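Structure first, commentary second.
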Amino acid sequence: MIMHLFATEWRKLTGRALYWAELGVLALLVVGLYTALIVVVQQPASDMPPEALNEIRASLRWPEGVLNALSFANGGEMGGLFAVILAAAMVAQEYRWRTVHLWLSRGVARPMYLTAKAAMLALAQLGFVLTALLLGGLITGIYTWHSTGGLPWDSLPWAALGKGILLTWLTLLPYAALAFALAVVTRSTLAAMGVGVGYSVLIENLAVEVLLLASPQTARVARYLPSLLAKGVLAGLHQSGQVNVGLAVDADVALLNPIHAALLLGLYSLIGFGLALAVFQRQDIPA
């Protein structure tokens with residue numbers, strides 16, 4: 001039964017314009033920013049120091065350029081916004097359209113329905129990761145071929161790429177879980193989306209700034225926020241400069257090691273889902 005529910009939810013996701021619109025916006029961001037960076041580093045008379053230009057060039061060439069493409073889908077950067085918007089819309093709209101009422105009236109158990117919805121949203125986050133990786137890899141591959149005369153297929157870190165895909169996907173889950181819980185609690189797309197986007201864009205970054213300025217002790221607390229956990233879990237993937245594409249604060253604080261950061265990201269995601277399930281179980285949803 002749960003597989004039937006999941007398949008139905010997946011068809012609804014792929015049948016709506018929102019998901020494809022988000023992937024399209026992400027694609028435009030990847031192509032636009034990489035194109036702008038390539039134009040900058042190829043200018044003969046640039047105001048940037050040679051060291052900075054060389055670092056940017058290195059971050060655009062394979063193999064580092066492929067890994068850097070994952071930054072576009074990082075939950076602590078722009079990726080969190082896409083995760084919040086998608087989860088808020090896909091969950092809260094079901095109340096207004098009375099889809100929830102329909103499934104429950106057919107005898108579907110509430111935990112099973114919500115689990116299928118959560119699994120669909122979790123899998124959907126991979127679309128953001130793969131879009132960023134494939135388009136970023138294509139653009140940086142063209143730049144690498146143009147600047148070096150070939151593509152270093154033999155030096156691509158395939159294991160690191162696989163690990164990077166998994167970890168980047170993990171950084172998206174807490175933001176999707178936050179919007180998921182907000183959508184269930186409020187039953188409102190605007191409320192869930194507004195609070196979720198407000199947190200990822202403003203509140204989290206402001207909290208990092210305040211904690212860093214307050215004292216060295218409170219600065220250590222900041223590293224437990226999802227954006228810095230995302231930074232910590234991806235820190236080991238990059239050997240040269242990382243392309244910064246998001247809204248997160250560049251915090252000068254000791255990050256948690258990647259394993260602990262990954263565990264906490266997973267825990268935050270489960271807490272969000274658990275809260276949503278606890279509220280959903282007690283909601284008055286007439287048939």
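By convention here, the chains of the structure tokens are called A, B, ... in the order presented, each chain's residues are numbered starting at 1, and ligands are numbered starting at 1 in the order presented.
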
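Residues lying within 9 Å of Ser155 of chain A, counting only C-alpha atoms and ignoring same-chain neighbours fewer than 2 positions away, are Trp62, Pro63, Pro152, Trp153, Pro157 and Trp158 of chain A.
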
task = Using DSSP on the backbone coordinates, identify all residues within segment 43-185 of chain A classified as helix (DSSP H, G or I); present the result as a PyMOL selection string.
result = chain A and resi 50-60+64-73+79-96+99-105+110-148+153-155+158-185

Please tabulate, as a tab-separated table, the residues of segment 72-181 of chain A that come within 8 Å of segment 206-226 of chain A, each with its closest pair of atoms and the distance in Å to one decimal, counting only C-alpha atoms and ordering rows by chain, then residue number upward.
```
residue	atom	partner	partner_atom	distance
A:Gly76	CA	A:Pro226	CA	6.6
A:Thr171	CA	A:Pro226	CA	7.6
A:Pro174	CA	A:Pro226	CA	7.2
```

query = Val30 of chain A: which residues within 8 Å, counting only C-alpha atoms, same-chain residues fewer than 4 positions away excluded, as number ranges by chain?
reply = A: 26, 34, 69, 72, 132, 135-136

request  = Find the residues around segment 183-191 of chain A up to 7 Å (only C-alpha atoms counted), leave out those fewer than 4 positions away in its own chain, and share them as a list in words.
outcome  =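 Once the nearby chain positions are removed, what remains is Ala88, Ala89, Val91, Ala92, Gln93, Tyr95, Ala179, Val195, Ala276, Val279 and Phe280 of chain A.
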
message = Give me the residues near His260 of chain A as a VMD selection string, where near means some atom within 10 Å (using only C-alpha atoms) and where sequence neighbours in that chain fewer than 5 positions away do not count.
response = chain A and resid 224 229 232 to 233 255 265 to 266

key: Contact residues around segment 109-125 of chain A with only C-alpha atoms at 8 Å, ignoring same-chain residues under 6 positions, as a list of chain:residue names   =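 Near segment 109-125 of chain A, the qualifying residues are A:Ile2, A:Met3, A:Leu5, A:Phe6, A:Glu9, A:Trp10, A:Ala83, A:Leu86, A:Ala87, A:Val91, A:Trp103, A:Trp169, A:Leu172, A:Leu173, A:Ala176, A:Phe180, A:Phe273, A:Leu277, A:Phe280, A:Gln281.
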
inquiry  = Using only C-alpha atoms, which protein or nucleic acid residues come within 12 Å of Ile38 of chain A? Drop anything in the same chain fewer than 3 positions from it, and give the result as a VMD selection string.
reply    = chain A and resid 31 to 35 41 to 43 53 to 54 56 to 61 65 139 to 144 146 to 147

inquiry  = Calculated over only C-alpha atoms, which of the candidates A:Gly149, A:Ser227, A:Gly24, A:Gly79 has the smallest distance to Ile203 of chain A?
reply    =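 The closest residue to Ile203 of chain A is A:Ser227.
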